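Participant: target_15.cif is the file, holding mmCIF, C-alpha atoms and all ligand atoms:
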```cif
data_start
loop_
_atom_site.label_atom_id
_atom_site.label_comp_id
_atom_site.auth_asym_id
_atom_site.auth_seq_id
_atom_site.Cartn_x
_atom_site.Cartn_y
_atom_site.Cartn_z
CA MET G 1 -14.37 -3.69 -9.46
CA ASP G 2 -14.30 -7.19 -10.90
CA SER G 3 -14.88 -10.40 -8.95
CA GLN G 4 -11.18 -10.75 -8.06
CA GLY G 5 -10.99 -7.20 -6.79
CA TRP G 6 -9.23 -5.48 -9.66
CA LEU G 7 -10.42 -1.90 -9.92
CA LYS G 8 -11.54 -0.94 -13.37
CA GLN G 9 -10.04 1.97 -15.26
CA ILE G 10 -6.74 2.09 -13.42
CA ARG G 11 -3.36 0.71 -14.40
CA HIS G 12 -2.74 -2.90 -13.35
CA LEU G 13 0.77 -4.29 -12.87
CA PRO G 14 0.30 -7.75 -11.35
CA SER G 15 2.77 -8.55 -8.58
CA PRO G 16 3.87 -12.11 -7.85
CA ASN G 17 4.14 -11.14 -4.18
CA CYS G 18 0.69 -12.20 -3.04
CA ASP G 19 -1.21 -15.30 -2.07
CA LEU G 20 -4.59 -16.48 -0.84
CA ARG G 21 -6.17 -14.94 2.21
CA PRO G 22 -7.08 -17.49 4.89
CA GLU G 23 -10.39 -19.21 4.19
CA GLY G 24 -13.37 -17.17 5.26
CA THR G 25 -11.45 -13.97 6.01
CA SER G 26 -13.39 -10.76 5.61
CA ILE G 27 -11.52 -7.71 4.39
CA ARG G 28 -12.06 -5.23 7.19
CA LEU G 29 -9.02 -2.95 7.44
CA ILE G 30 -7.21 -0.54 5.15
CA VAL G 31 -3.56 0.22 5.92
CA ILE G 32 -1.95 3.45 4.69
CA HIS G 33 1.80 3.45 4.02
CA ASN G 34 4.41 5.60 2.39
CA ILE G 35 7.29 4.46 0.26
CA SER G 36 9.84 5.90 -2.14
CA LEU G 37 12.98 4.41 -3.60
CA PRO G 38 15.59 5.48 -3.00
CA PRO G 39 13.94 7.22 -0.03
CA GLY G 40 12.91 10.75 -0.97
CA ILE G 41 13.32 10.22 -4.71
CA PHE G 42 10.07 10.33 -6.64
CA ASP G 43 11.00 10.38 -10.30
CA GLY G 44 11.85 6.76 -11.03
CA ASP G 45 10.08 3.45 -11.17
CA ALA G 46 11.99 1.67 -8.43
CA VAL G 47 8.91 1.09 -6.29
CA ILE G 48 7.14 -0.49 -9.24
CA ASP G 49 10.23 -2.59 -9.87
CA LEU G 50 10.35 -3.64 -6.21
CA PHE G 51 6.72 -4.72 -6.14
CA THR G 52 7.17 -6.74 -9.33
CA ASN G 53 10.51 -8.32 -8.34
CA ARG G 54 12.41 -6.48 -11.06
CA LEU G 55 14.48 -4.11 -8.95
CA ASP G 56 18.19 -4.08 -9.75
CA TRP G 57 19.62 -4.38 -6.24
CA ASP G 58 22.95 -3.01 -7.41
CA ALA G 59 21.51 0.17 -8.92
CA HIS G 60 21.73 2.18 -5.68
CA PRO G 61 23.54 1.69 -2.37
CA TYR G 62 20.28 1.89 -0.43
CA TYR G 63 18.97 -1.17 -2.22
CA GLN G 64 21.62 -3.25 -0.47
CA THR G 65 19.62 -2.77 2.72
CA ILE G 66 16.52 -4.31 1.16
CA ARG G 67 18.14 -6.85 -1.17
CA GLY G 68 15.89 -9.82 -1.79
CA LEU G 69 12.85 -8.22 -0.17
CA ARG G 70 9.59 -9.54 -1.60
CA VAL G 71 6.75 -7.18 -0.86
CA SER G 72 3.72 -5.65 -2.48
CA ALA G 73 0.68 -3.53 -1.82
CA HIS G 74 -2.69 -3.59 -3.44
CA PHE G 75 -2.37 0.03 -4.52
CA PHE G 76 0.39 2.60 -5.05
CA ILE G 77 -0.48 6.26 -5.53
CA ARG G 78 2.25 8.31 -7.18
CA ARG G 79 2.99 11.95 -6.38
CA ASP G 80 0.97 13.02 -9.42
CA GLY G 81 -2.02 11.06 -8.16
CA GLN G 82 -1.72 8.20 -10.65
CA PRO G 83 -2.92 4.98 -9.01
CA ILE G 84 -1.46 1.59 -9.86
CA GLN G 85 -2.90 -1.71 -8.64
CA PHE G 86 -0.50 -4.59 -8.07
CA VAL G 87 -2.65 -7.15 -6.27
CA PRO G 88 -6.38 -7.83 -6.62
CA CYS G 89 -8.19 -7.08 -3.37
CA GLU G 90 -9.40 -10.66 -2.96
CA LEU G 91 -5.77 -11.81 -2.61
CA ARG G 92 -3.37 -11.11 0.27
CA ALA G 93 -0.68 -8.55 -0.50
CA TRP G 94 2.54 -8.48 1.50
CA HIS G 95 2.65 -4.98 2.96
CA ALA G 96 2.15 -5.00 6.71
CA GLY G 97 4.63 -7.60 8.00
CA ALA G 98 4.49 -8.45 11.68
CA SER G 99 1.49 -6.46 12.85
CA ILE G 100 -1.51 -6.40 15.15
CA TRP G 101 -4.85 -4.61 14.98
CA GLN G 102 -7.40 -4.87 17.78
CA GLY G 103 -5.81 -8.08 18.98
CA HIS G 104 -5.67 -9.67 15.54
CA GLU G 105 -2.18 -10.45 14.26
CA ARG G 106 -0.95 -10.76 10.66
CA CYS G 107 -2.90 -7.80 9.33
CA ASN G 108 -2.10 -8.79 5.74
CA ASP G 109 -4.69 -11.53 6.15
CA PHE G 110 -7.61 -9.14 6.43
CA SER G 111 -6.42 -5.80 5.10
CA ILE G 112 -5.90 -3.83 1.92
CA GLY G 113 -2.59 -1.97 1.67
CA ILE G 114 -2.31 1.42 0.02
CA GLU G 115 1.15 2.91 -0.51
CA LEU G 116 1.50 6.65 -1.07
CA GLU G 117 4.68 7.67 -2.84
CA GLY G 118 6.43 9.78 -0.24
CA THR G 119 8.39 9.90 2.97
CA ASP G 120 7.69 10.58 6.63
CA ASP G 121 9.27 14.03 6.21
CA LEU G 122 7.14 15.59 3.47
CA PRO G 123 3.47 16.41 2.98
CA PHE G 124 1.62 14.28 0.47
CA THR G 125 0.28 16.01 -2.64
CA GLU G 126 -3.22 17.27 -3.33
CA ALA G 127 -3.32 14.90 -6.29
CA GLN G 128 -2.63 11.96 -3.98
CA TYR G 129 -5.53 12.87 -1.69
CA ASP G 130 -7.72 13.41 -4.76
CA THR G 131 -7.04 9.80 -5.74
CA LEU G 132 -6.98 8.29 -2.26
CA ILE G 133 -10.32 9.58 -1.01
CA PRO G 134 -12.45 8.20 -3.87
CA LEU G 135 -10.45 4.97 -3.71
CA LEU G 136 -11.30 4.59 -0.02
CA ARG G 137 -14.96 5.25 -0.82
CA THR G 138 -14.93 2.54 -3.50
CA LEU G 139 -13.28 0.04 -1.17
CA ARG G 140 -15.72 0.79 1.65
CA GLN G 141 -18.59 0.12 -0.73
CA ALA G 142 -17.11 -3.21 -1.78
CA TYR G 143 -15.90 -4.60 1.56
CA PRO G 144 -16.94 -4.46 5.24
CA ILE G 145 -14.14 -2.05 6.13
CA GLU G 146 -14.10 -1.22 9.84
CA ALA G 147 -11.14 1.15 9.93
CA VAL G 148 -8.45 2.93 7.99
CA THR G 149 -5.18 2.92 9.88
CA GLY G 150 -1.50 3.67 9.45
CA HIS G 151 1.26 1.13 9.19
CA ALA G 152 2.85 2.69 12.27
CA ASP G 153 -0.35 2.05 14.22
CA ILE G 154 -0.30 -1.69 13.59
CA ALA G 155 3.49 -2.13 13.82
CA PRO G 156 4.52 0.36 16.51
CA GLY G 157 8.21 0.55 17.25
CA ARG G 158 8.96 -1.07 13.91
CA LYS G 159 7.29 1.21 11.35
CA THR G 160 6.67 4.96 11.22
CA ASP G 161 4.70 5.39 8.00
CA PRO G 162 2.67 7.14 6.74
CA GLY G 163 4.24 9.64 9.14
CA PRO G 164 3.21 12.91 10.76
CA HIS G 165 2.37 14.72 7.53
CA PHE G 166 -0.44 12.38 6.56
CA ASP G 167 -3.67 14.33 7.00
CA TRP G 168 -6.12 11.95 8.68
CA HIS G 169 -8.75 14.68 8.91
CA ARG G 170 -9.23 14.58 5.15
CA LEU G 171 -10.49 11.03 5.36
CA GLN G 172 -13.40 12.00 7.54
CA ALA G 173 -15.09 14.09 4.88
ZN ZN N 201 4.48 0.64 5.46
#
```
Could you show the structure in this file as structure tokens?
Ligand SMILES: [Zn+2]
Facilitator:
Amino acid sequence: MDSQGWLKQIRHLPSPNCDLRPEGTSIRLIVIHNISLPPGIFDGDAVIDLFTNRLDWDAHPYYQTIRGLRVSAHFFIRRDGQPIQFVPCELRAWHAGASIWQGHERCNDFSIGIELEGTDDLPFTEAQYDTLIPLLRTLRQAYPIEAVTGHADIAPGRKTDPGPHFDWHRLQA
């Protein structure tokens, strides 16, 4: 990892949807999400387009519901396990929204967001876990990570991802 928090040897697609973390913030949480666009469709690049503000909002009816949304995550892991980094870890990505973890609000300030290509309704792929687990190890070595949590756990009632199929037990190995 370089000094800005870009991982080496993975694809980088810089997103404009990021900014500075508050002064003196330590990166201590990792948030797991799922996303696919349109939901349940895995063969296009719409998520990449969303995170880089290039999505054609008129290309699918679902996109009307998210028109104008400006979001990002540090990492996106595709169904085939390919990781893409959009935001360097030192910067704040816009993935968690209104959220609270152990009494601390605005989890974007102090977290790293990882999006798995998927839905709440389907298992994630072996290839995704094969990428995710070493990625988590690398991040834990670089930052004082205290927990890995789900988006639903920090935004209950508002978010449901990564959903019931995400296998938390695999992270304990
Ligand atoms: Zn999410």
Participant: Counting all atoms listed in the file, note down every residue that has an atom within 12 Å of the point (10.1, 2.6, -10.3) (file coordinates), as a ChimeraX atom specification.
Facilitator: /G:13,35-39,41-56,59,76,78,84,117
Participant: Deliver the residues from the most recent selection as a file, using C-alpha atoms, as a JSON list (two decimals), keeping the file's coordinate frame.
Facilitator:
```json
[["chain", "number", "residue", "atom", "x", "y", "z"],
["G", 13, "LEU", "CA", 0.77, -4.29, -12.87],
["G", 35, "ILE", "CA", 7.29, 4.46, 0.26],
["G", 36, "SER", "CA", 9.84, 5.90, -2.14],
["G", 37, "LEU", "CA", 12.98, 4.41, -3.60],
["G", 38, "PRO", "CA", 15.59, 5.48, -3.00],
["G", 39, "PRO", "CA", 13.94, 7.22, -0.03],
["G", 41, "ILE", "CA", 13.32, 10.22, -4.71],
["G", 42, "PHE", "CA", 10.07, 10.33, -6.64],
["G", 43, "ASP", "CA", 11.00, 10.38, -10.30],
["G", 44, "GLY", "CA", 11.85, 6.76, -11.03],
["G", 45, "ASP", "CA", 10.08, 3.45, -11.17],
["G", 46, "ALA", "CA", 11.99, 1.67, -8.43],
["G", 47, "VAL", "CA", 8.91, 1.09, -6.29],
["G", 48, "ILE", "CA", 7.14, -0.49, -9.24],
["G", 49, "ASP", "CA", 10.23, -2.59, -9.87],
["G", 50, "LEU", "CA", 10.35, -3.64, -6.21],
["G", 51, "PHE", "CA", 6.72, -4.72, -6.14],
["G", 52, "THR", "CA", 7.17, -6.74, -9.33],
["G", 53, "ASN", "CA", 10.51, -8.32, -8.34],
["G", 54, "ARG", "CA", 12.41, -6.48, -11.06],
["G", 55, "LEU", "CA", 14.48, -4.11, -8.95],
["G", 56, "ASP", "CA", 18.19, -4.08, -9.75],
["G", 59, "ALA", "CA", 21.51, 0.17, -8.92],
["G", 76, "PHE", "CA", 0.39, 2.60, -5.05],
["G", 78, "ARG", "CA", 2.25, 8.31, -7.18],
["G", 84, "ILE", "CA", -1.46, 1.59, -9.86],
["G", 117, "GLU", "CA", 4.68, 7.67, -2.84]]
```
Participant: Mind running chain G against ligand ZN 201 (chain N) at 7 Å and telling me each contacting residue's nearest atom pair with the distance in Å (one decimal), counting all atoms listed in the file, chain and number ascending, as a Markdown table?
Facilitator:
```
| residue | atom | partner | partner_atom | distance |
| --- | --- | --- | --- | --- |
| G:His33 | CA | N:ZN201 | ZN | 4.1 |
| G:Asn34 | CA | N:ZN201 | ZN | 5.8 |
| G:His95 | CA | N:ZN201 | ZN | 6.4 |
| G:Ala96 | CA | N:ZN201 | ZN | 6.2 |
| G:His151 | CA | N:ZN201 | ZN | 5.0 |
| G:Lys159 | CA | N:ZN201 | ZN | 6.6 |
| G:Asp161 | CA | N:ZN201 | ZN | 5.4 |
| G:Pro162 | CA | N:ZN201 | ZN | 6.9 |
```
Participant: Tell me which protein, DNA and RNA residues are within 7 Å of G:Ile114, counting only C-alpha atoms, leaving out same-chain ones fewer than 4 positions away, and put them as number ranges by chain.
Facilitator: G: 31-33, 73-76
Participant: Find the residues near G:Asp80: any atom within 8 Å, counting only C-alpha atoms, skip ones fewer than 3 places away on the same chain, and give them as a PDB file with C-alpha atoms, in the frame of the given file.
Facilitator:
```pdb
ATOM      1  CA  ILE G  77      -0.480   6.260  -5.530  1.00  0.00           C
ATOM      2  CA  THR G 125       0.280  16.010  -2.640  1.00  0.00           C
ATOM      3  CA  ALA G 127      -3.320  14.900  -6.290  1.00  0.00           C
ATOM      4  CA  GLN G 128      -2.630  11.960  -3.980  1.00  0.00           C
TER       5      GLN G 128
END
```
Participant: Rank G:Pro144, G:Pro22, G:Pro123, G:Gly5 by their smallest atom-to-atom distance to G:Cys107, using all atoms listed in the file, and report the top residue only.
Facilitator: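 Checking each candidate against G:Cys107, we get G:Pro22 as the closest.
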Participant: Please determine, counting all atoms listed in the file, which residue among G:Ile100, G:Ile66, G:Ala152, G:Leu91 has the shortest atom-to-atom distance to G:Gln4.
Facilitator: G:Leu91
Participant: Suppose you want the space between atom CA of G:Lys8 and atom CA of G:Pro83; what is it in Å?
Facilitator: 11.3 Å
Participant: Between G:Gly157, G:Gly68, G:Gly113, G:Gly150, which one has atoms that come closest to G:Ile27, using all atoms listed in the file?
Facilitator: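 Smallest separation from G:Ile27 among the options: G:Gly113.
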Participant: Rebuild N, CA, C and O atoms on stretch 43-67 of chain G, as a JSON list (two decimals), in the frame of the given file?
Facilitator:
```json
[["chain", "number", "residue", "atom", "x", "y", "z"],
["G", 43, "ASP", "N", 11.12, 10.30, -8.84],
["G", 43, "ASP", "CA", 11.00, 10.38, -10.30],
["G", 43, "ASP", "C", 11.30, 9.08, -11.04],
["G", 43, "ASP", "O", 11.26, 9.05, -12.26],
["G", 44, "GLY", "N", 11.56, 8.02, -10.34],
["G", 44, "GLY", "CA", 11.85, 6.76, -11.03],
["G", 44, "GLY", "C", 10.76, 5.74, -10.84],
["G", 44, "GLY", "O", 9.69, 6.03, -10.30],
["G", 45, "ASP", "N", 11.05, 4.53, -11.29],
["G", 45, "ASP", "CA", 10.08, 3.45, -11.17],
["G", 45, "ASP", "C", 10.54, 2.35, -10.23],
["G", 45, "ASP", "O", 10.10, 1.21, -10.33],
["G", 46, "ALA", "N", 11.41, 2.70, -9.29],
["G", 46, "ALA", "CA", 11.99, 1.67, -8.43],
["G", 46, "ALA", "C", 10.95, 0.99, -7.54],
["G", 46, "ALA", "O", 11.08, -0.20, -7.25],
["G", 47, "VAL", "N", 9.94, 1.72, -7.12],
["G", 47, "VAL", "CA", 8.91, 1.09, -6.29],
["G", 47, "VAL", "C", 8.14, 0.06, -7.11],
["G", 47, "VAL", "O", 7.88, -1.06, -6.65],
["G", 48, "ILE", "N", 7.83, 0.45, -8.33],
["G", 48, "ILE", "CA", 7.14, -0.49, -9.24],
["G", 48, "ILE", "C", 8.02, -1.72, -9.46],
["G", 48, "ILE", "O", 7.55, -2.86, -9.42],
["G", 49, "ASP", "N", 9.31, -1.47, -9.66],
["G", 49, "ASP", "CA", 10.23, -2.59, -9.87],
["G", 49, "ASP", "C", 10.31, -3.48, -8.62],
["G", 49, "ASP", "O", 10.37, -4.71, -8.73],
["G", 50, "LEU", "N", 10.32, -2.85, -7.44],
["G", 50, "LEU", "CA", 10.35, -3.64, -6.21],
["G", 50, "LEU", "C", 9.12, -4.54, -6.10],
["G", 50, "LEU", "O", 9.24, -5.73, -5.80],
["G", 51, "PHE", "N", 7.96, -3.97, -6.33],
["G", 51, "PHE", "CA", 6.72, -4.72, -6.14],
["G", 51, "PHE", "C", 6.53, -5.81, -7.20],
["G", 51, "PHE", "O", 5.69, -6.69, -7.03],
["G", 52, "THR", "N", 7.29, -5.73, -8.29],
["G", 52, "THR", "CA", 7.17, -6.74, -9.33],
["G", 52, "THR", "C", 8.44, -7.59, -9.45],
["G", 52, "THR", "O", 8.64, -8.30, -10.44],
["G", 53, "ASN", "N", 9.27, -7.50, -8.42],
["G", 53, "ASN", "CA", 10.51, -8.32, -8.34],
["G", 53, "ASN", "C", 11.45, -8.08, -9.52],
["G", 53, "ASN", "O", 12.12, -8.99, -9.98],
["G", 54, "ARG", "N", 11.51, -6.81, -9.97],
["G", 54, "ARG", "CA", 12.41, -6.48, -11.06],
["G", 54, "ARG", "C", 13.45, -5.43, -10.66],
["G", 54, "ARG", "O", 14.13, -4.89, -11.52],
["G", 55, "LEU", "N", 13.54, -5.14, -9.37],
["G", 55, "LEU", "CA", 14.48, -4.11, -8.95],
["G", 55, "LEU", "C", 15.92, -4.62, -9.08],
["G", 55, "LEU", "O", 16.23, -5.73, -8.68],
["G", 56, "ASP", "N", 16.75, -3.78, -9.66],
["G", 56, "ASP", "CA", 18.19, -4.08, -9.75],
["G", 56, "ASP", "C", 18.83, -3.66, -8.42],
["G", 56, "ASP", "O", 19.02, -2.48, -8.16],
["G", 57, "TRP", "N", 19.14, -4.66, -7.60],
["G", 57, "TRP", "CA", 19.62, -4.38, -6.24],
["G", 57, "TRP", "C", 20.94, -3.63, -6.25],
["G", 57, "TRP", "O", 21.31, -3.01, -5.24],
["G", 58, "ASP", "N", 21.65, -3.69, -7.35],
["G", 58, "ASP", "CA", 22.95, -3.01, -7.41],
["G", 58, "ASP", "C", 22.87, -1.60, -7.97],
["G", 58, "ASP", "O", 23.88, -0.92, -8.11],
["G", 59, "ALA", "N", 21.65, -1.14, -8.27],
["G", 59, "ALA", "CA", 21.51, 0.17, -8.92],
["G", 59, "ALA", "C", 21.69, 1.34, -7.95],
["G", 59, "ALA", "O", 21.90, 2.47, -8.39],
["G", 60, "HIS", "N", 21.59, 1.10, -6.66],
["G", 60, "HIS", "CA", 21.73, 2.18, -5.68],
["G", 60, "HIS", "C", 22.19, 1.57, -4.36],
["G", 60, "HIS", "O", 21.72, 0.48, -4.00],
["G", 61, "PRO", "N", 23.06, 2.26, -3.64],
["G", 61, "PRO", "CA", 23.54, 1.69, -2.37],
["G", 61, "PRO", "C", 22.42, 1.35, -1.38],
["G", 61, "PRO", "O", 22.51, 0.36, -0.65],
["G", 62, "TYR", "N", 21.37, 2.16, -1.38],
["G", 62, "TYR", "CA", 20.28, 1.89, -0.43],
["G", 62, "TYR", "C", 19.65, 0.51, -0.65],
["G", 62, "TYR", "O", 19.21, -0.15, 0.30],
["G", 63, "TYR", "N", 19.64, 0.09, -1.90],
["G", 63, "TYR", "CA", 18.97, -1.17, -2.22],
["G", 63, "TYR", "C", 19.68, -2.37, -1.58],
["G", 63, "TYR", "O", 19.07, -3.44, -1.43],
["G", 64, "GLN", "N", 20.93, -2.17, -1.18],
["G", 64, "GLN", "CA", 21.62, -3.25, -0.47],
["G", 64, "GLN", "C", 20.90, -3.59, 0.84],
["G", 64, "GLN", "O", 20.90, -4.74, 1.28],
["G", 65, "THR", "N", 20.27, -2.57, 1.42],
["G", 65, "THR", "CA", 19.62, -2.77, 2.72],
["G", 65, "THR", "C", 18.30, -3.53, 2.59],
["G", 65, "THR", "O", 17.74, -3.96, 3.60],
["G", 66, "ILE", "N", 17.79, -3.62, 1.35],
["G", 66, "ILE", "CA", 16.52, -4.31, 1.16],
["G", 66, "ILE", "C", 16.66, -5.46, 0.16],
["G", 66, "ILE", "O", 15.66, -6.01, -0.32],
["G", 67, "ARG", "N", 17.88, -5.82, -0.15],
["G", 67, "ARG", "CA", 18.14, -6.85, -1.17],
["G", 67, "ARG", "C", 17.32, -8.11, -0.89],
["G", 67, "ARG", "O", 17.33, -8.63, 0.23]]
```
